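Peer 1: Got a structure for you, questions after.
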Amino acid sequence: MIIGVPKEIKTNEDRVALTPAGAFELVKRGHTVYIQKSAGEGSGFPDAEYQSTGAKITKDIESTYKKAEMIIKVKEPIKKEYKLIRENQLVFTYFHFASYKPLTQAMIKSKAICLAYETVQLPDRSLPLLVPMSEVAGRMAIQQGAKYLEKPVKGRGVLLGGVPGVPQGKVMILGGGIVGTQAAKMAAGLGAQVTILDIDLARLRHLADVMPANVTTLYSNEFTIRRLIKDHDLIVGAVLIPGAKAPNLITREMLKEMQPGTVLVDVAVDQGGCIETCKPTTHTKPTYIIDDIVHYCVANMPGAVPYTSTLALTNATLPYAIQLADKGWKKACEDNEPLKKGLNIVHGKVVYKGVADAFGMKYQEVDSIL
Ligand SMILES: NC(=O)c1ccc[n+]([C@@H]2O[C@H](COP(=O)([O-])OP(=O)(O)OC[C@H]3O[C@@H](n4cnc5c(N)ncnc54)[C@H](O)[C@@H]3O)[C@@H](O)[C@H]2O)c1
């Protein structure tokens with residue numbers, strides 16, 4: 001198969017959908033791989049590394065799309081790319097269709113095959129191509145939180161690990177899923193005193209078993225949250241209710257109960273945030289202050305660490321990309337139920353119910369087009 005990897009053109013996006021190691025695997029299997037010039041540079045992979053695997057470098061985005069039967073990307077196509085996508089072309093990337101109607105309409109019109117990373121789903125309902133980015137964001141939440149606790153950036157001036165003779169910092173994590181677990185591990189590793197709150201008792205049981213002694217698990221309710229916010233230095237928002245806006249577990253009025261310089265990192269900002277005063281920020285200006293409380297609400301946290309994020313993402317996407325290249329999209333999806341769940345729009349038909357429902361569009365069963 002002929003595979004094209006365009007350079008990401010969305011603002012502040014330095015990830016790339018295929019590493020040189022991935023290109024090597026695909027070329028080894030007899031596929032032709034075109035990488036757009038400098039597509040890997042932002043993640044630390046120069047063109048020469050791709051060329052050494054037998055991949056070819058294309059000069060611009062137009063020629064990359066034109067040559068390829070399958071496009072592998074990271075972010076959803078933006079307007080400039082819509083017209084480059086053609087009938088029967090397979091596009092494997094994050095789409096997040098339900099949040100943007102113009103993209104959905106453009107992909108219906110293109111008659112391409114749109115396979116979305118975010119809806120590939122394993123039998124246990126987990127989303128294997130979203131997990132790596134949650135892992136990155138969870139770990140980063142503590143790195144960023146620790147930084148913004150410093151006084152020159154308006155934090156409390158607390159070192160999370162403390163020092164001998166001085167108490168360690170206190171970290172409270174709302175939600176003990178992928179993000180929360182990774183955040184807890186990082187904070188515990190720094191020596192902080194960590195509390196994870198969740199409403200899923202099975203999850204809390206598991207965390208209590210596997211976490212180190214400086215991590216406490218608590219059932220999440222308003223009473224407990226109100227008590228803890230008074231003396232915790234760093235609060236991480238990591239809740240998710242699938243398909244719904246995150247609940248406001250920390251209200252504006254609660255900020256007054258916190259110590260000045262407390263840092264809130266609301267990772268759930270992409271689902272509306274679980275802190276009432278959360279509004280999306282960017283890596284250019286990640287924080288803002290309300291009532292002396294530092295808010296960090298960057299909606300694409302993994303974007304700041306493209307080297308790690310690219311490796312984490314491609315570790316998860318490559319096995320699927322190989323199946324698609326080896327078998328073609330139809331056979332690959334017939335043979336692999338989780339991958340089939342990634343099909344969202346095929347030849348102008350919406351085959352993912354959530355997307356059809358979001359816009360009141362006609363839905364067609366995915367099996368009817370296979
Ligand atoms: N900002 C970013 O860059 C970025 C990156 C990755 C993920 N995210 C977001 O982070 C959030 C968490 O993702 P995840 O992968 O960890 O999800 P997850 O499903 O693995 O975990 C969510 C957890 O929240 C818990 N929860 C639900 N309601 C709760 C409540 N009232 N109190 C406490 N816990 C509650 C659930 O039981 C679950 O354990 C999502 O909104 C996701 O989109 C953001």
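Ordered as shown in the structure tokens, chains take letters A, B, and onward, while each chain numbers its residues from 1 and ligands are numbered from 1 in the order shown.
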Please identify every residue of chain A that has at least one atom no farther than 8 Å from an atom of ligand 1, counting only C-alpha atoms and all ligand atoms, and for each give the shortest atom pair and the distance in Å to one decimal, arranged by chain then increasing number, as CSV.

Peer 2:
residue,atom,partner,partner_atom_place_in_ligand_line,distance
A:Leu130,CA,ligand 1,15 (O),7.1
A:Val131,CA,ligand 1,15 (O),6.0
A:Met133,CA,ligand 1,6 (C),5.0
A:Ser134,CA,ligand 1,6 (C),3.7
A:Glu135,CA,ligand 1,6 (C),7.2
A:Val136,CA,ligand 1,6 (C),7.2
A:Ala137,CA,ligand 1,5 (C),4.8
A:Gly138,CA,ligand 1,6 (C),7.4
A:Leu174,CA,ligand 1,33 (C),5.0
A:Gly175,CA,ligand 1,34 (N),3.5
A:Gly176,CA,ligand 1,39 (O),4.6
A:Gly177,CA,ligand 1,21 (O),3.2
A:Ile178,CA,ligand 1,16 (O),3.7
A:Val179,CA,ligand 1,16 (O),3.6
A:Gly180,CA,ligand 1,16 (O),5.7
A:Thr181,CA,ligand 1,16 (O),7.6
A:Leu197,CA,ligand 1,33 (C),5.3
A:Asp198,CA,ligand 1,34 (N),3.6
A:Ile199,CA,ligand 1,34 (N),5.1
A:Asp200,CA,ligand 1,37 (O),4.7
A:Arg203,CA,ligand 1,39 (O),6.4
A:Tyr219,CA,ligand 1,33 (C),7.6
A:Ser220,CA,ligand 1,32 (N),4.8
A:Asn221,CA,ligand 1,32 (N),6.8
A:Gly237,CA,ligand 1,11 (C),7.6
A:Ala238,CA,ligand 1,12 (C),4.4
A:Val239,CA,ligand 1,24 (O),3.4
A:Leu240,CA,ligand 1,22 (C),4.0
A:Ile241,CA,ligand 1,27 (C),5.3
A:Pro242,CA,ligand 1,19 (O),7.0
A:Ala246,CA,ligand 1,41 (O),6.9
A:Pro247,CA,ligand 1,31 (N),6.5
A:Leu249,CA,ligand 1,31 (N),6.7
A:Asp266,CA,ligand 1,1 (N),7.2
A:Val267,CA,ligand 1,1 (N),4.2
A:Ala268,CA,ligand 1,41 (O),3.8
A:Val269,CA,ligand 1,1 (N),5.6
A:Asp270,CA,ligand 1,43 (O),5.5
A:Gln271,CA,ligand 1,41 (O),4.9
A:Gly272,CA,ligand 1,41 (O),7.9
A:Gly273,CA,ligand 1,41 (O),7.3
A:Cys297,CA,ligand 1,1 (N),6.9
A:Val298,CA,ligand 1,1 (N),5.5
A:Ala299,CA,ligand 1,1 (N),4.0
A:Asn300,CA,ligand 1,3 (O),3.5
A:Met301,CA,ligand 1,3 (O),3.6
A:Pro302,CA,ligand 1,3 (O),5.6
A:Gly303,CA,ligand 1,3 (O),7.7

Peer 1: Using backbone DSSP assignments, extract all alpha helix (DSSP H) residues from stretch 77-324 of chain A; output them as an MDAnalysis selection string.

Peer 2: chainID A and resid 79:82 101:110 131:148 178:189 201:210 222:228 306:324

Peer 1: Run DSSP on the backbone and give me the residues of stretch 69-293 of chain A it puts in strand (DSSP E), as a ChimeraX atom specification.

Peer 2: /A:70-72,90-93,113-116,170-174,193-198,215-219,234-237,263-266,287-290,293

Peer 1: The selected residues should be written to file as a short mmCIF file (atom, residue, chain, number, x, y, z; two decimals), in the first residue's frame (atoms: C-alpha atoms).

Peer 2:
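This is the output file again_0.cif:
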data_model
loop_
_atom_site.label_atom_id
_atom_site.label_comp_id
_atom_site.auth_asym_id
_atom_site.auth_seq_id
_atom_site.Cartn_x
_atom_site.Cartn_y
_atom_site.Cartn_z
CA MET A 70 -3.73 5.70 3.25
CA ILE A 71 -3.02 8.91 5.15
CA ILE A 72 -1.83 8.56 8.75
CA LEU A 90 -8.26 5.93 3.89
CA VAL A 91 -7.56 8.52 6.61
CA PHE A 92 -6.45 7.18 10.00
CA THR A 93 -6.20 9.92 12.65
CA ILE A 113 -12.86 6.24 4.57
CA CYS A 114 -12.42 7.95 7.94
CA LEU A 115 -11.09 5.73 10.72
CA ALA A 116 -10.93 7.66 13.99
CA LYS A 170 -0.15 17.69 49.63
CA VAL A 171 -1.63 16.62 46.30
CA MET A 172 -5.32 15.87 45.78
CA ILE A 173 -6.40 14.03 42.63
CA LEU A 174 -10.04 14.01 41.54
CA GLN A 193 1.40 13.21 50.34
CA VAL A 194 -1.21 12.13 47.79
CA THR A 195 -4.98 11.58 48.02
CA ILE A 196 -6.98 10.10 45.12
CA LEU A 197 -10.76 10.49 45.10
CA ASP A 198 -13.09 8.45 42.91
CA VAL A 215 -1.05 7.55 48.54
CA THR A 216 -4.47 7.48 50.26
CA THR A 217 -7.71 6.58 48.47
CA LEU A 218 -10.99 8.25 49.41
CA TYR A 219 -14.55 8.04 48.14
CA LEU A 234 -1.96 20.98 44.29
CA ILE A 235 -5.36 19.77 43.03
CA VAL A 236 -5.58 17.76 39.81
CA GLY A 237 -8.94 17.42 37.99
CA VAL A 263 -2.49 25.28 42.11
CA LEU A 264 -5.39 23.70 40.20
CA VAL A 265 -4.51 21.61 37.14
CA ASP A 266 -7.77 20.73 35.39
CA THR A 287 -2.18 29.73 33.63
CA TYR A 288 -4.43 32.45 35.01
CA ILE A 289 -5.31 33.48 38.54
CA ILE A 290 -8.70 33.81 40.20
CA ILE A 293 -5.60 30.46 43.04
#

Peer 1: Taking only C-alpha atoms into account, which of A:Arg252, A:Gly54, A:Thr284, A:Glu25 comes nearest A:Thr11?

Peer 2: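 Closest candidate: A:Thr284.
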
Peer 1: Find the spatial neighbours of A:Gly155, counting only C-alpha atoms, within a cut-off of 12 Å - ignore same-chain residues fewer than 2 positions away - and output them as a ChimeraX atom specification.

Peer 2: /A:144-153,157-160,233-234,259-264,287-289,292-296

Peer 1: Fewer than 2 positions away in the same chain doesn't count, so skip those; otherwise give me all residues within 12 Å of A:Val27, counting only C-alpha atoms, as a ChimeraX atom specification.

Peer 2: /A:1-3,20-25,29-34,50-56,322,325-326

Peer 1: Write out, as a PDB file, in the first residue's frame, the residues just selected, with C-alpha atoms.

Peer 2:
ATOM      1  CA  MET A   1       0.000   0.000   0.000  1.00  0.00           C
ATOM      2  CA  ILE A   2       1.093   3.587  -0.532  1.00  0.00           C
ATOM      3  CA  ILE A   3       1.117   5.437   2.792  1.00  0.00           C
ATOM      4  CA  PRO A  20      11.309   6.177  11.696  1.00  0.00           C
ATOM      5  CA  ALA A  21      10.828   2.827  13.513  1.00  0.00           C
ATOM      6  CA  GLY A  22       7.253   2.688  12.188  1.00  0.00           C
ATOM      7  CA  ALA A  23       8.374   3.616   8.675  1.00  0.00           C
ATOM      8  CA  PHE A  24      10.968   0.825   8.870  1.00  0.00           C
ATOM      9  CA  GLU A  25       8.260  -1.748   9.759  1.00  0.00           C
ATOM     10  CA  ARG A  29       6.558  -5.365   4.682  1.00  0.00           C
ATOM     11  CA  GLY A  30       6.720  -4.072   1.118  1.00  0.00           C
ATOM     12  CA  HIS A  31       4.707  -0.861   1.526  1.00  0.00           C
ATOM     13  CA  THR A  32       5.704   2.510   0.096  1.00  0.00           C
ATOM     14  CA  VAL A  33       5.950   5.255   2.706  1.00  0.00           C
ATOM     15  CA  TYR A  34       5.956   8.968   1.857  1.00  0.00           C
ATOM     16  CA  TYR A  50      13.153   8.303   7.649  1.00  0.00           C
ATOM     17  CA  GLN A  51      15.161   8.074   4.429  1.00  0.00           C
ATOM     18  CA  SER A  52      17.497   5.563   6.068  1.00  0.00           C
ATOM     19  CA  THR A  53      14.503   3.218   6.461  1.00  0.00           C
ATOM     20  CA  GLY A  54      13.662   3.381   2.753  1.00  0.00           C
ATOM     21  CA  ALA A  55      10.815   5.906   3.195  1.00  0.00           C
ATOM     22  CA  LYS A  56      10.615   8.703   0.629  1.00  0.00           C
ATOM     23  CA  ILE A 322       0.218  -2.299   9.812  1.00  0.00           C
ATOM     24  CA  ALA A 325      -1.673  -1.535   5.153  1.00  0.00           C
ATOM     25  CA  ASP A 326      -1.280  -5.316   4.901  1.00  0.00           C
TER      26      ASP A 326
END

Peer 1: Please list as a list in words every residue within 8 Å of A:Phe95, counting only C-alpha atoms and excluding residues in the same chain fewer than 4 positions away.

Peer 2: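 So the residues in contact are Lys75, Glu76, Pro77, Ala116, Tyr117 and Glu118 of chain A.
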
Peer 1: For the selection you just gave me, I'd like the residues written to a file as a PDB file, in the first residue's frame, keeping all heavy atoms.

Peer 2:
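Listed below is the output, result-v5.pdb:
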ATOM      1  N   LYS A  75      -3.679  14.953  14.271  1.00  0.00           N
ATOM      2  CA  LYS A  75      -4.876  15.769  14.548  1.00  0.00           C
ATOM      3  C   LYS A  75      -5.889  15.659  13.407  1.00  0.00           C
ATOM      4  O   LYS A  75      -5.562  15.244  12.289  1.00  0.00           O
ATOM      5  CB  LYS A  75      -4.473  17.249  14.705  1.00  0.00           C
ATOM      6  CG  LYS A  75      -3.617  17.518  15.911  1.00  0.00           C
ATOM      7  CD  LYS A  75      -4.253  17.087  17.205  1.00  0.00           C
ATOM      8  CE  LYS A  75      -5.267  18.078  17.715  1.00  0.00           C
ATOM      9  NZ  LYS A  75      -5.741  17.675  19.077  1.00  0.00           N
ATOM     10  N   GLU A  76      -7.107  16.071  13.708  1.00  0.00           N
ATOM     11  CA  GLU A  76      -8.152  16.069  12.681  1.00  0.00           C
ATOM     12  C   GLU A  76      -7.735  17.000  11.534  1.00  0.00           C
ATOM     13  O   GLU A  76      -7.059  18.004  11.773  1.00  0.00           O
ATOM     14  CB  GLU A  76      -9.496  16.529  13.288  1.00  0.00           C
ATOM     15  CG  GLU A  76      -9.604  17.986  13.685  1.00  0.00           C
ATOM     16  CD  GLU A  76      -8.932  18.320  15.011  1.00  0.00           C
ATOM     17  OE1 GLU A  76      -8.365  17.418  15.643  1.00  0.00           O
ATOM     18  OE2 GLU A  76      -8.952  19.507  15.393  1.00  0.00           O
ATOM     19  N   PRO A  77      -8.132  16.667  10.292  1.00  0.00           N
ATOM     20  CA  PRO A  77      -7.787  17.556   9.180  1.00  0.00           C
ATOM     21  C   PRO A  77      -8.388  18.944   9.420  1.00  0.00           C
ATOM     22  O   PRO A  77      -9.502  19.056   9.934  1.00  0.00           O
ATOM     23  CB  PRO A  77      -8.453  16.892   7.972  1.00  0.00           C
ATOM     24  CG  PRO A  77      -8.744  15.486   8.396  1.00  0.00           C
ATOM     25  CD  PRO A  77      -8.928  15.508   9.868  1.00  0.00           C
ATOM     26  N   ALA A 116     -11.298   6.719  12.916  1.00  0.00           N
ATOM     27  CA  ALA A 116     -10.928   7.657  13.986  1.00  0.00           C
ATOM     28  C   ALA A 116     -10.221   6.942  15.136  1.00  0.00           C
ATOM     29  O   ALA A 116     -10.747   5.975  15.682  1.00  0.00           O
ATOM     30  CB  ALA A 116     -12.184   8.361  14.501  1.00  0.00           C
ATOM     31  N   TYR A 117      -9.046   7.434  15.510  1.00  0.00           N
ATOM     32  CA  TYR A 117      -8.306   6.856  16.640  1.00  0.00           C
ATOM     33  C   TYR A 117      -9.207   6.759  17.890  1.00  0.00           C
ATOM     34  O   TYR A 117      -9.178   5.772  18.612  1.00  0.00           O
ATOM     35  CB  TYR A 117      -7.121   7.743  17.040  1.00  0.00           C
ATOM     36  CG  TYR A 117      -5.945   7.811  16.104  1.00  0.00           C
ATOM     37  CD1 TYR A 117      -4.962   8.794  16.300  1.00  0.00           C
ATOM     38  CD2 TYR A 117      -5.769   6.911  15.060  1.00  0.00           C
ATOM     39  CE1 TYR A 117      -3.851   8.879  15.488  1.00  0.00           C
ATOM     40  CE2 TYR A 117      -4.657   7.001  14.227  1.00  0.00           C
ATOM     41  CZ  TYR A 117      -3.704   7.987  14.447  1.00  0.00           C
ATOM     42  OH  TYR A 117      -2.600   8.081  13.639  1.00  0.00           O
ATOM     43  N   GLU A 118      -9.967   7.849  18.129  1.00  0.00           N
ATOM     44  CA  GLU A 118     -10.637   7.966  19.433  1.00  0.00           C
ATOM     45  C   GLU A 118     -11.790   6.993  19.621  1.00  0.00           C
ATOM     46  O   GLU A 118     -12.259   6.821  20.748  1.00  0.00           O
ATOM     47  CB  GLU A 118     -11.117   9.409  19.678  1.00  0.00           C
ATOM     48  CG  GLU A 118     -12.269   9.897  18.803  1.00  0.00           C
ATOM     49  CD  GLU A 118     -11.820  10.444  17.454  1.00  0.00           C
ATOM     50  OE1 GLU A 118     -10.632  10.311  17.128  1.00  0.00           O
ATOM     51  OE2 GLU A 118     -12.665  10.991  16.727  1.00  0.00           O
TER      52      GLU A 118
END

Peer 1: Compile the contact shell of A:Glu87 as an NGL selection string: residues with an atom at most 8 Å away, counting only C-alpha atoms, same-chain residues fewer than 2 positions apart removed.

Peer 2: :A and (85 or 89 or 110-113 or 347)

Peer 1: Deliver the residues from the most recent selection as a file, using N, CA, C and O atoms, as a short mmCIF file (atom, residue, chain, number, x, y, z; two decimals), in the first residue's frame.

Peer 2:
data_model
loop_
_atom_site.label_atom_id
_atom_site.label_comp_id
_atom_site.auth_asym_id
_atom_site.auth_seq_id
_atom_site.Cartn_x
_atom_site.Cartn_y
_atom_site.Cartn_z
N ILE A 85 -8.32 15.58 0.53
CA ILE A 85 -8.76 14.21 0.82
C ILE A 85 -9.75 13.77 -0.26
O ILE A 85 -10.69 14.50 -0.58
N GLN A 89 -9.94 7.27 -0.34
CA GLN A 89 -8.69 7.39 0.41
C GLN A 89 -8.98 7.05 1.88
O GLN A 89 -10.00 7.49 2.43
N SER A 110 -16.26 14.18 0.90
CA SER A 110 -15.03 13.65 0.26
C SER A 110 -15.19 12.20 -0.19
O SER A 110 -14.46 11.73 -1.04
N LYS A 111 -16.13 11.46 0.43
CA LYS A 111 -16.33 10.02 0.17
C LYS A 111 -15.10 9.19 0.54
O LYS A 111 -14.87 8.10 0.00
N ALA A 112 -14.29 9.73 1.44
CA ALA A 112 -13.12 8.99 1.91
C ALA A 112 -13.55 7.99 2.99
O ALA A 112 -14.72 7.96 3.40
N ILE A 113 -12.60 7.16 3.46
CA ILE A 113 -12.86 6.24 4.57
C ILE A 113 -12.18 6.84 5.80
O ILE A 113 -10.95 6.95 5.83
N HIS A 347 -17.32 6.34 2.58
CA HIS A 347 -17.94 6.64 1.28
C HIS A 347 -19.17 7.54 1.42
O HIS A 347 -20.23 7.27 0.85
#

Peer 1: Show which residues sit within 6 Å of A:Pro338, as a PDB file with N, CA and C atoms, in the first residue's frame. Count only C-alpha atoms, and ignore same-chain residues fewer than 6 positions away.

Peer 2:
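Once written, selection_36.pdb looks like this:
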ATOM      1  N   VAL A 120     -11.665   3.678  18.284  1.00  0.00           N
ATOM      2  CA  VAL A 120     -11.179   2.290  18.304  1.00  0.00           C
ATOM      3  C   VAL A 120     -11.362   1.809  19.750  1.00  0.00           C
ATOM      4  N   GLN A 121     -12.046   0.662  19.914  1.00  0.00           N
ATOM      5  CA  GLN A 121     -12.440   0.281  21.285  1.00  0.00           C
ATOM      6  C   GLN A 121     -12.281  -1.220  21.522  1.00  0.00           C
ATOM      7  N   LEU A 122     -11.629  -1.551  22.624  1.00  0.00           N
ATOM      8  CA  LEU A 122     -11.409  -2.958  22.990  1.00  0.00           C
ATOM      9  C   LEU A 122     -12.673  -3.533  23.646  1.00  0.00           C
TER      10      LEU A 122
END

Peer 1: Atom CA of A:Phe45 and atom CA of A:Gln143 are how many Å apart?

Peer 2: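 About the pair atom CA of A:Phe45 and atom CA of A:Gln143: they are 24.5 Å apart.
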